[in-house]
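Remarks on the structure that follows.
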Amino acid sequence: MLLVGQQTGRTCRGIHRRAFLQAGASSVLGLSLADLLRVRASGQPGGRVKSVVLLWLWGGPSQLDTFDPKPHASLDYRGPFGTIPTRVAGVRFCELFPQLAKLTDKLAVIRTLTTESNDHGIAGTIGLTGSGAGGTGLDGKPLPGSPRPALGSIVGKAVAIDNKRSEGEQHSGSLHPFFVIGGKLHQGKKAIIGEGGGPLGAAWDPFRLEYDPVAGTKIPALQLPKDLTPERMADRQKLLVAFGKANAHAAEFAAVGKLADHRLRALEMLTSPTAAAAFDLSKEPVAVVDRYGRTRFGQSCLLARRLVEAGVPFVQVNWSDHVEAEEDSGDGGWDHHYRNFQIMQDRHAPWLDQSFSALLNDLHERGLLASTLVLALGEFGREPKVNDKAGRDHWPGCYSALLAGGGVKGGRVIGTSDAKAAKPADTPLTPADLNATVLQQVGLTSEQVTGIGLTPTGRVIEELF
């Protein structure tokens, strides 16, 4: 079954009326956005980035056991791992990340991110959208209740409209501008808010791909059921168009047209050899496949590189679709309330070190890193003090992120945390600041995003550039 990005409002019997109306309402935003995209060709600062890759480390990695170690803290805070030097004088990483330590000339490290909630779902929404979506913060006050679109949805829609404006229409077989590689993020059995188009409409939800290490290079989300051929899909497309023409409700008619375009692009991705080639990891040399690591995350990073090469503006790679570190899952999240140090040493750190460094080197060698902004972070960090289960609990007060490419100056550390990595000692930054920074680098200023009713709540992190 091909997952075409629909987050809500769809059943096996078709598309709900509510989904029609939500998609139709997005046309107002689309018209505004088209008028505001002139910056992409104006020569103003930013706009140098053609693609963004977000490595979403769902569950919340420990800042102390990754990129902000505290070797002088007591053992019950610093943990059992040592530190290693990087290529930047005076900057040390946890000893579990030797390959990334060698790439710090290409990396910038933010050590003072802070967020509003220690709840995975709320903090995840804040991280992916730059704002809250209901619930309460640590102070008990309500967080904003109207979810913004995912960052990828904003970037994807901006680029898609800009392409239509400059080229007249998208070429046949073109790829959707926003991909998520991995399952839908959830906490327990509840999917989080903030991974989709939100007020921009369901047409700007991400297309999802999933790499299954058991199935090798097959991507289950692109496999058709045996009784559903491309020809049958084409027939259904004709029926949808006919249904749209017969619909007497003007608002719903407009919405059907938008969703028909969205589904047509899905059909093109299934039937176009050019588009489908971007998903085919069998075309990669064995040495390249091995370089990324034969894990779900590693091969997902490789798939992300292929999508960047194919011109996709925003690719999000989910480490996992769940937050818990389940031992038998093969890709458990970073929610290490117990056995943190064993899991980090045996699995998470080596996988991240190998796959992230392979992605950066590969993009650099192919001449793509300068035009591709790469970010790696989770929704929050971990409590500095080790708990009685050899784990670390949730900690929104201070956590780290890595950035590379897309105009970012390597060899920089932004912000200093306190002696236990519990809170920023200076330069506190938020997910909203990160999102504002990404938008600038793809060519959308805060004034322009405000023009479509999505006022940014953060500042551009100029220190990165």
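In the structure tokens, the first chain shown is A, the next is B, and so on; residue numbers restart at 1 for each chain, and ligands run from 1 in the order shown.
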query: Which residues come within 8 Å of stretch 115-129 of chain A, counting only C-alpha atoms, excluding same-chain residues fewer than 4 positions away, as a ChimeraX atom specification?
result: /A:58-59,133-138,147-151,186-187,192-195,323,378-380,394-398,430-432,435
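When only C-alpha atoms are used to measure the gap to A:Leu54, the shortest distance among A:Ala390, A:Leu96, A:Leu175, A:Leu403 belongs to A:Leu403.
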- request: For atom CA of A:Ser62 and atom CA of A:Gly188, determine how far apart the two atoms are, in Å to one decimal place.
  value: 20.8 Å
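The gap separating atom CA of A:Val91 from atom CA of A:Val413 is 8.1 Å, in Å to one decimal.
Of note, atom CA of A:Ala89 and atom CA of A:Lys102 are spaced 11.9 Å apart.
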- request: Considering only C-alpha atoms, return as number ranges by chain whatever protein or nucleic-acid residues lie within 8 Å of A:Leu302, sequence-local ones (same chain, fewer than 6 positions apart) excluded.
  value: A: 281, 289, 292, 359
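With only C-alpha atoms as the atoms that count, the residue of A:Leu363, A:Ile110, A:Leu55, A:Ala158 with the shortest distance to A:Ser417 is A:Ile110.
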- request: Go through A:Val442, A:Arg48, A:Gly391, A:Val155 one by one, measure the shortest atom-to-atom distance of each to A:Ile343 using only C-alpha atoms, and give the residue with the smallest value.
  value: A:Gly391
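With only C-alpha atoms as the atoms that count, the residue of A:Gln299, A:Asp362, A:Asp290, A:Arg392 with the shortest distance to A:Tyr338 is A:Arg392.
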- prompt: Out of stretch 47-158 of chain A, which residues get strand (DSSP E or B) from DSSP, as a list of chain:residue names?
  reply: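 Matching residues for strand (DSSP E or B) in stretch 47-158 of chain A are A:Ser51, A:Val52, A:Val53, A:Leu54, A:Leu55, A:Trp56, A:Thr83, A:Ile84, A:Pro85, A:Arg92, A:Phe93, A:Cys94, A:Leu107, A:Ala108, A:Val109, A:Ile110, A:Arg111, A:Thr112, A:Leu113, A:Thr136, A:Pro142.
Excluding A:Ser74 itself and any same-chain residue fewer than 5 positions from it, the protein and nucleic acid residues within 10 Å of it, counting only C-alpha atoms, are Gly79, Lys385 and Lys420 of chain A.
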task: Might you pull out every residue within 7 Å of stretch 333-335 of chain A, with only C-alpha atoms counted and same-chain residues fewer than 4 positions away left off, and present them as a ChimeraX atom specification?
output: /A:57-61,319-320,322-325
message: Counting only C-alpha atoms, which residue out of A:Pro350, A:Gly196, A:Gly82, A:Pro69 sits closest to A:Arg208?
response: A:Gly196
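Checking A:Gly130, A:Gly198, A:Phe178, A:Asp65 one by one against A:His336, counting only C-alpha atoms, you find the shortest gap at A:Asp65.
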